[in-house]
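Colleague: input-v1.txt is the file, holding compact mmCIF, C-alpha atoms:
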```
# COMPACT_ATOMS: atom_id res chain seq x y z
CA MET A 289 2.44 -15.07 10.13
CA GLN A 290 -0.60 -13.84 11.99
CA LYS A 291 -1.85 -10.30 12.36
CA GLY A 292 -0.97 -8.82 15.73
CA THR A 293 2.21 -10.86 16.22
CA HIS A 294 5.68 -9.39 16.48
CA GLU A 295 6.56 -11.02 13.15
CA TYR A 296 3.55 -9.36 11.48
CA GLU A 297 4.39 -5.94 12.96
CA GLN A 298 7.97 -6.22 11.69
CA ALA A 299 6.72 -7.12 8.20
CA LEU A 300 4.26 -4.21 8.36
CA ASP A 301 7.08 -1.80 9.25
CA ALA A 302 9.04 -3.12 6.27
CA VAL A 303 6.05 -2.72 3.90
CA ILE A 304 5.57 0.87 5.05
CA GLU A 305 9.25 1.71 4.53
CA ILE A 306 9.31 0.11 1.07
CA LEU A 307 6.17 1.98 0.02
CA ARG A 308 7.35 5.29 1.49
CA SER A 309 10.57 4.91 -0.48
CA ARG A 310 8.58 4.27 -3.67
CA ALA A 311 6.42 7.31 -2.94
CA ARG A 312 9.53 9.49 -2.46
CA GLN A 313 10.84 8.25 -5.82
CA GLY A 314 7.84 9.63 -7.69
CA ALA A 315 5.17 7.17 -6.56
CA VAL A 316 6.03 4.51 -9.11
CA PRO A 317 3.80 1.46 -8.55
CA ILE A 318 5.24 -1.91 -7.54
CA THR A 319 3.70 -5.30 -8.25
CA CYS A 320 2.64 -7.60 -5.43
CA GLY A 321 5.30 -10.05 -6.59
CA ASP A 322 8.08 -7.46 -6.48
CA LEU A 323 6.94 -6.29 -3.06
CA SER A 324 6.97 -9.90 -1.88
CA SER A 325 10.54 -10.28 -3.22
CA GLU A 326 11.70 -7.09 -1.49
CA LEU A 327 10.17 -8.28 1.77
CA ALA A 328 11.90 -11.67 1.38
CA ARG A 329 15.26 -9.91 0.94
CA LEU A 330 14.57 -8.23 4.29
CA GLY A 331 13.76 -11.57 5.92
CA HIS A 332 9.95 -11.39 5.76
CA HIS A 333 8.38 -14.22 3.83
CA VAL A 334 5.04 -12.95 2.58
CA LEU A 335 3.43 -14.54 -0.46
CA ALA A 336 2.31 -12.08 -3.12
CA HIS A 337 -1.31 -13.18 -3.38
CA GLU A 338 -2.04 -15.23 -0.27
CA GLY A 339 -1.81 -15.05 3.45
CA PRO A 340 -1.17 -11.73 5.13
CA MET A 341 -0.34 -9.56 2.08
CA PRO A 342 -3.82 -7.96 1.76
CA TYR A 343 -3.87 -7.25 5.50
CA LEU A 344 -0.37 -5.76 5.41
CA LEU A 345 -1.34 -3.44 2.56
CA GLU A 346 -4.50 -2.26 4.28
CA ASP A 347 -2.72 -1.84 7.61
CA ALA A 348 0.09 0.14 5.96
CA SER A 349 -2.45 2.66 4.66
CA VAL A 350 -4.38 2.75 7.93
CA ARG A 351 -1.25 3.22 10.04
CA GLU A 352 0.06 5.98 7.79
CA SER A 353 -3.29 7.76 7.60
CA PRO A 354 -5.60 6.72 10.44
CA ASP A 355 -7.82 9.77 9.96
CA GLY A 356 -7.92 9.63 6.15
CA SER A 357 -6.05 12.89 5.64
CA LEU A 358 -2.98 11.41 3.90
CA PRO A 359 -2.78 9.50 0.63
CA LEU A 360 -3.04 5.71 0.84
CA LEU A 361 0.29 3.93 0.52
CA SER A 362 -1.40 0.77 -0.76
CA ALA A 363 -2.26 2.62 -3.99
CA LEU A 364 1.32 1.88 -5.04
CA VAL A 365 0.81 -1.89 -5.10
CA VAL A 366 -0.57 -3.34 -8.32
CA LEU A 367 -1.35 -6.75 -9.71
CA GLN A 368 1.15 -8.17 -12.22
CA ASP A 369 -1.32 -8.88 -15.02
CA SER A 370 -3.48 -5.77 -14.94
CA ARG A 371 -1.05 -3.22 -13.45
CA TRP A 372 -4.00 -2.05 -11.33
CA PRO A 373 -4.52 -2.20 -7.57
CA SER A 374 -6.64 -5.03 -6.26
CA GLY A 375 -10.29 -4.60 -5.43
CA GLY A 376 -9.31 -4.41 -1.77
CA PHE A 377 -7.57 -1.08 -2.37
CA PHE A 378 -10.71 0.45 -3.87
CA LYS A 379 -12.89 -0.87 -1.03
CA LEU A 380 -10.52 0.66 1.53
CA ALA A 381 -10.34 3.96 -0.34
CA ARG A 382 -14.12 4.33 -0.42
CA ARG A 383 -14.86 3.48 3.21
CA ALA A 384 -14.70 5.84 6.18
CA PRO A 385 -12.59 7.73 7.04
CA TYR A 386 -11.04 7.83 3.55
CA LYS A 387 -14.20 8.23 1.46
CA ARG A 388 -12.37 8.76 -1.82
CA SER A 389 -14.67 9.52 -4.74
CA GLY A 390 -14.61 9.05 -8.49
CA ASP A 391 -14.46 6.03 -10.73
CA ASN A 392 -11.58 3.61 -10.18
CA LEU A 393 -9.24 5.28 -12.67
CA LEU A 394 -9.78 8.77 -11.30
CA LEU A 395 -9.56 7.64 -7.69
CA TRP A 396 -6.31 5.73 -8.27
CA THR A 397 -4.73 8.46 -10.40
CA ARG A 398 -5.47 11.09 -7.76
CA GLU A 399 -4.06 8.89 -5.01
CA ILE A 400 -0.80 8.29 -6.91
CA GLU A 401 -0.46 12.03 -7.61
CA LYS A 402 -1.08 12.85 -3.93
CA LEU A 403 1.49 10.26 -2.85
CA ALA A 404 4.15 11.75 -5.15
CA GLU A 405 3.36 15.26 -3.94
CA TYR A 406 3.18 14.43 -0.23
CA TYR A 407 6.36 12.35 -0.10
CA ALA A 408 8.49 14.56 -2.37
CA GLY A 409 11.45 15.72 -0.32
CA ARG A 410 10.55 13.68 2.77
```
Rewrite the structure of this file - the entire thing - as structure tokens.
Modeller:
Amino acid sequence: MQKGTHEYEQALDAVIEILRSRARQGAVPITCGDLSSELARLGHHVLAHEGPMPYLLEDASVRESPDGSLPLLSALVVLQDSRWPSGGFFKLARRAPYKRSGDNLLLWTREIEKLAEYYAGR
């Protein structure tokens, strides 16, 4: 699956819907492996830690908040072992236009809280 293809765009739509649903349910994080399994059930075969997964997560956040005004959906996706987002999430969150501040814990906690608040009732 390559970025920019119809297959990629369909998988991206599925990632966004899965993460929006999680955000509406109180912004409970999901592991990369569980996200990969949910995508597979929908017919999108995306490995948890290889291939397009990092691009899909970044693109989900960028598509949902191109100007940086909304919380980043990719904050919901955590690594199995650490239960923390990958380094890619923190790099995205700190770059323009997002420019999130604070140490990793504070940044992530705020983003999860904002996701729960923003998606409540949507």
Colleague: Mind pulling up the distance from CA of Gln313 in chain A to CA of Met289 in chain A?
Modeller: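 Straight-line distance from CA of Met289 in chain A to CA of Gln313 in chain A works out to 29.5 Å.
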Colleague: Using only C-alpha atoms, which residues sit within 8 Å of Pro385 in chain A once same-chain residues fewer than 2 positions away are excluded, as a PyMOL selection string?
Modeller: chain A and resi 354-356+383+387
Colleague: What does the structure give for the distance between CA of Gly376 in chain A and CA of Ser362 in chain A, in Å to one decimal?
Modeller: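 Pair CA of Gly376 in chain A / CA of Ser362 in chain A returns 9.5 Å.
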Colleague: Looking at only C-alpha atoms, which of A:Gly292, A:Pro340, A:Gly321, A:Pro373 is the one that sits closest to Leu361 in chain A?
Modeller: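 Answer, going by the shortest atom-to-atom distance: A:Pro373.
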Colleague: For a quick check of your reading of the model, name the residues lying within 9 Å of the coordinate (12.5, 10.1, 2.5), counting all atoms listed in the file, and write them as a PyMOL selection string.
Modeller: chain A and resi 308-309+311-313+407-410
Colleague: Include C-alpha atoms and write out the residues we just selected as an mmCIF file, in the frame of the given file.
Modeller:
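File selection.cif, as written:
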```
data_model
loop_
_atom_site.group_PDB
_atom_site.id
_atom_site.type_symbol
_atom_site.label_atom_id
_atom_site.label_comp_id
_atom_site.auth_asym_id
_atom_site.auth_seq_id
_atom_site.Cartn_x
_atom_site.Cartn_y
_atom_site.Cartn_z
ATOM 1 C CA ARG A 308 7.350 5.290 1.490
ATOM 2 C CA SER A 309 10.570 4.910 -0.480
ATOM 3 C CA ALA A 311 6.420 7.310 -2.940
ATOM 4 C CA ARG A 312 9.530 9.490 -2.460
ATOM 5 C CA GLN A 313 10.840 8.250 -5.820
ATOM 6 C CA TYR A 407 6.360 12.350 -0.100
ATOM 7 C CA ALA A 408 8.490 14.560 -2.370
ATOM 8 C CA GLY A 409 11.450 15.720 -0.320
ATOM 9 C CA ARG A 410 10.550 13.680 2.770
#
```
Colleague: Which residue is closest to Ala315 in chain A? Choose from A:Ala348, A:Gln368, A:Pro359, A:Leu380 and count all atoms listed in the file.
Modeller: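 Under the stated criterion, the closest residue is A:Pro359.
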Colleague: Can you list, as a list of chain:residue names, every protein, DNA or RNA residue that comes within 12 Å of His332 in chain A when you count only C-alpha atoms, leaving out same-chain residues fewer than 5 positions away?
Modeller: A:Met289, A:His294, A:Glu295, A:Tyr296, A:Glu297, A:Gln298, A:Ala299, A:Leu300, A:Asp301, A:Ala302, A:Val303, A:Leu323, A:Ser324, A:Ser325, A:Glu326, A:Leu327, A:Pro340, A:Met341, A:Leu344
Colleague: Those residues with C-alpha atoms, as a PDB file, in the frame of the given file please?
Modeller:
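Generated file (result34.pdb):
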```pdb
ATOM      1  CA  MET A 289       2.440 -15.070  10.130  1.00  0.00           C
ATOM      2  CA  HIS A 294       5.680  -9.390  16.480  1.00  0.00           C
ATOM      3  CA  GLU A 295       6.560 -11.020  13.150  1.00  0.00           C
ATOM      4  CA  TYR A 296       3.550  -9.360  11.480  1.00  0.00           C
ATOM      5  CA  GLU A 297       4.390  -5.940  12.960  1.00  0.00           C
ATOM      6  CA  GLN A 298       7.970  -6.220  11.690  1.00  0.00           C
ATOM      7  CA  ALA A 299       6.720  -7.120   8.200  1.00  0.00           C
ATOM      8  CA  LEU A 300       4.260  -4.210   8.360  1.00  0.00           C
ATOM      9  CA  ASP A 301       7.080  -1.800   9.250  1.00  0.00           C
ATOM     10  CA  ALA A 302       9.040  -3.120   6.270  1.00  0.00           C
ATOM     11  CA  VAL A 303       6.050  -2.720   3.900  1.00  0.00           C
ATOM     12  CA  LEU A 323       6.940  -6.290  -3.060  1.00  0.00           C
ATOM     13  CA  SER A 324       6.970  -9.900  -1.880  1.00  0.00           C
ATOM     14  CA  SER A 325      10.540 -10.280  -3.220  1.00  0.00           C
ATOM     15  CA  GLU A 326      11.700  -7.090  -1.490  1.00  0.00           C
ATOM     16  CA  LEU A 327      10.170  -8.280   1.770  1.00  0.00           C
ATOM     17  CA  PRO A 340      -1.170 -11.730   5.130  1.00  0.00           C
ATOM     18  CA  MET A 341      -0.340  -9.560   2.080  1.00  0.00           C
ATOM     19  CA  LEU A 344      -0.370  -5.760   5.410  1.00  0.00           C
TER      20      LEU A 344
END
```
Colleague: Tell me, in Å to one decimal, how far CA of Leu403 in chain A is from CA of Ala384 in chain A.
Modeller: 19.1 Å
Colleague: Could you check which residues have any atom within 12 Å of (-14.9, 5.6, -4.0), counting all atoms listed in the file with coordinates taken straight from the file, and then list them as a list of chain:residue names?
Modeller: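 Counting all atoms listed in the file, I find these residues within 12 Å of (-14.9, 5.6, -4.0): A:Gly375, A:Gly376, A:Phe377, A:Phe378, A:Lys379, A:Leu380, A:Ala381, A:Arg382, A:Arg383, A:Ala384, A:Pro385, A:Tyr386, A:Lys387, A:Arg388, A:Ser389, A:Gly390, A:Asp391, A:Asn392, A:Leu393, A:Leu394, A:Leu395, A:Trp396, A:Arg398, A:Glu399.
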Colleague: How would the residues just picked look written out with C-alpha atoms as a PDB file, in the coordinates of the input?
Modeller:
```pdb
ATOM      1  CA  GLY A 375     -10.290  -4.600  -5.430  1.00  0.00           C
ATOM      2  CA  GLY A 376      -9.310  -4.410  -1.770  1.00  0.00           C
ATOM      3  CA  PHE A 377      -7.570  -1.080  -2.370  1.00  0.00           C
ATOM      4  CA  PHE A 378     -10.710   0.450  -3.870  1.00  0.00           C
ATOM      5  CA  LYS A 379     -12.890  -0.870  -1.030  1.00  0.00           C
ATOM      6  CA  LEU A 380     -10.520   0.660   1.530  1.00  0.00           C
ATOM      7  CA  ALA A 381     -10.340   3.960  -0.340  1.00  0.00           C
ATOM      8  CA  ARG A 382     -14.120   4.330  -0.420  1.00  0.00           C
ATOM      9  CA  ARG A 383     -14.860   3.480   3.210  1.00  0.00           C
ATOM     10  CA  ALA A 384     -14.700   5.840   6.180  1.00  0.00           C
ATOM     11  CA  PRO A 385     -12.590   7.730   7.040  1.00  0.00           C
ATOM     12  CA  TYR A 386     -11.040   7.830   3.550  1.00  0.00           C
ATOM     13  CA  LYS A 387     -14.200   8.230   1.460  1.00  0.00           C
ATOM     14  CA  ARG A 388     -12.370   8.760  -1.820  1.00  0.00           C
ATOM     15  CA  SER A 389     -14.670   9.520  -4.740  1.00  0.00           C
ATOM     16  CA  GLY A 390     -14.610   9.050  -8.490  1.00  0.00           C
ATOM     17  CA  ASP A 391     -14.460   6.030 -10.730  1.00  0.00           C
ATOM     18  CA  ASN A 392     -11.580   3.610 -10.180  1.00  0.00           C
ATOM     19  CA  LEU A 393      -9.240   5.280 -12.670  1.00  0.00           C
ATOM     20  CA  LEU A 394      -9.780   8.770 -11.300  1.00  0.00           C
ATOM     21  CA  LEU A 395      -9.560   7.640  -7.690  1.00  0.00           C
ATOM     22  CA  TRP A 396      -6.310   5.730  -8.270  1.00  0.00           C
ATOM     23  CA  ARG A 398      -5.470  11.090  -7.760  1.00  0.00           C
ATOM     24  CA  GLU A 399      -4.060   8.890  -5.010  1.00  0.00           C
TER      25      GLU A 399
END
```
Colleague: Which residue, A:Ile400, A:Arg329, A:Pro342, A:Glu405, has the smallest gap to Leu367 in chain A when you use all atoms listed in the file?
Modeller: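 Between A:Ile400, A:Arg329, A:Pro342, A:Glu405, the residue approaching Leu367 in chain A most closely is A:Pro342.
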Colleague: Which of these residues is nearest to Val365 in chain A, using all atoms listed in the file: A:Leu345, A:Ala328, A:Thr397, A:Glu338?
Modeller: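 The closest residue to Val365 in chain A is A:Leu345.
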Colleague: When you count all atoms listed in the file, which of these residues is closest to Asp369 in chain A: A:Lys291, A:Glu346, A:Leu335, A:Thr319?
Modeller: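 Going through A:Lys291, A:Glu346, A:Leu335, A:Thr319 one by one, the smallest distance to Asp369 in chain A is for A:Thr319.
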Colleague: Taking all atoms of range 368-387 of chain A that the file lists and extending 6 Å past them on each side, where is the centre of the axis-aligned box and how long are its edges? Answer in Å to one decimal, as AutoDock Vina command-line options.
Modeller:
```
--center_x -6.9 --center_y -0.3 --center_z -4.0 --size_x 28.0 --size_y 29.1 --size_z 34.1
```
Colleague: Output range 310-322 of chain A from the block with all heavy atoms, as a CSV table (one decimal), in the first residue's frame?
Modeller:
```csv
chain,number,residue,atom,x,y,z
A,310,ARG,N,-13.2,6.2,19.0
A,310,ARG,CA,-12.5,6.1,20.3
A,310,ARG,C,-12.5,7.4,21.0
A,310,ARG,O,-12.7,7.4,22.2
A,310,ARG,CB,-11.0,5.7,20.1
A,310,ARG,CG,-10.7,4.4,19.4
A,310,ARG,CD,-11.1,3.2,20.2
A,310,ARG,NE,-10.2,3.0,21.4
A,310,ARG,CZ,-10.0,1.8,21.9
A,310,ARG,NH1,-10.5,0.8,21.4
A,310,ARG,NH2,-9.2,1.7,23.0
A,311,ALA,N,-12.4,8.5,20.3
A,311,ALA,CA,-12.4,9.8,20.9
A,311,ALA,C,-13.8,10.1,21.5
A,311,ALA,O,-13.9,10.6,22.6
A,311,ALA,CB,-12.0,10.9,19.9
A,312,ARG,N,-14.8,9.7,20.8
A,312,ARG,CA,-16.2,9.9,21.2
A,312,ARG,C,-16.5,9.0,22.5
A,312,ARG,O,-17.4,9.4,23.3
A,312,ARG,CB,-17.2,9.5,20.1
A,312,ARG,CG,-17.3,10.6,19.1
A,312,ARG,CD,-18.5,10.3,18.2
A,312,ARG,NE,-18.3,9.2,17.3
A,312,ARG,CZ,-17.8,9.2,16.1
A,312,ARG,NH1,-17.3,10.3,15.6
A,312,ARG,NH2,-17.7,8.0,15.4
A,313,GLN,N,-15.8,7.9,22.6
A,313,GLN,CA,-16.0,7.0,23.8
A,313,GLN,C,-15.1,7.4,24.9
A,313,GLN,O,-14.8,6.5,25.8
A,313,GLN,CB,-15.7,5.6,23.3
A,313,GLN,CG,-16.7,5.1,22.3
A,313,GLN,CD,-16.3,3.8,21.7
A,313,GLN,OE1,-15.5,3.0,22.2
A,313,GLN,NE2,-16.8,3.5,20.5
A,314,GLY,N,-14.7,8.6,25.0
A,314,GLY,CA,-13.8,9.0,26.1
A,314,GLY,C,-12.4,9.1,25.9
A,314,GLY,O,-11.6,9.3,26.8
A,315,ALA,N,-12.0,9.0,24.6
A,315,ALA,CA,-10.6,9.1,24.2
A,315,ALA,C,-9.7,8.1,24.9
A,315,ALA,O,-8.6,8.4,25.4
A,315,ALA,CB,-10.0,10.5,24.4
A,316,VAL,N,-10.2,6.8,24.8
A,316,VAL,CA,-9.4,5.7,25.4
A,316,VAL,C,-8.4,5.3,24.4
A,316,VAL,O,-8.7,5.0,23.2
A,316,VAL,CB,-10.3,4.6,25.8
A,316,VAL,CG1,-9.5,3.4,26.3
A,316,VAL,CG2,-11.3,5.0,26.8
A,317,PRO,N,-7.1,5.3,24.7
A,317,PRO,CA,-6.0,4.9,23.7
A,317,PRO,C,-6.2,3.5,23.2
A,317,PRO,O,-6.8,2.6,23.8
A,317,PRO,CB,-4.7,5.1,24.5
A,317,PRO,CG,-5.1,6.1,25.5
A,317,PRO,CD,-6.5,5.8,26.0
A,318,ILE,N,-5.7,3.2,22.0
A,318,ILE,CA,-5.7,1.9,21.4
A,318,ILE,C,-4.2,1.6,21.0
A,318,ILE,O,-3.5,2.5,20.6
A,318,ILE,CB,-6.6,2.0,20.2
A,318,ILE,CG1,-6.7,0.6,19.5
A,318,ILE,CG2,-6.2,3.0,19.2
A,318,ILE,CD1,-7.8,0.5,18.4
A,319,THR,N,-3.8,0.4,21.1
A,319,THR,CA,-2.5,0.0,20.7
A,319,THR,C,-2.4,-0.1,19.2
A,319,THR,O,-3.4,-0.3,18.5
A,319,THR,CB,-2.0,-1.3,21.3
A,319,THR,OG1,-2.9,-2.4,20.7
A,319,THR,CG2,-2.1,-1.4,22.8
A,320,CYS,N,-1.2,0.0,18.7
A,320,CYS,CA,-1.0,-0.1,17.2
A,320,CYS,C,-1.5,-1.5,16.8
A,320,CYS,O,-2.1,-1.6,15.7
A,320,CYS,CB,0.5,0.0,16.9
A,320,CYS,SG,1.2,1.7,17.1
A,321,GLY,N,-1.2,-2.5,17.6
A,321,GLY,CA,-1.6,-3.8,17.2
A,321,GLY,C,-3.1,-4.0,17.1
A,321,GLY,O,-3.7,-4.6,16.2
A,322,ASP,N,-3.9,-3.4,18.1
A,322,ASP,CA,-5.3,-3.4,18.0
A,322,ASP,C,-5.9,-2.6,16.9
A,322,ASP,O,-6.9,-3.0,16.3
A,322,ASP,CB,-5.9,-2.9,19.4
A,322,ASP,CG,-5.7,-4.0,20.5
A,322,ASP,OD1,-5.4,-5.1,20.2
A,322,ASP,OD2,-5.9,-3.6,21.7
```
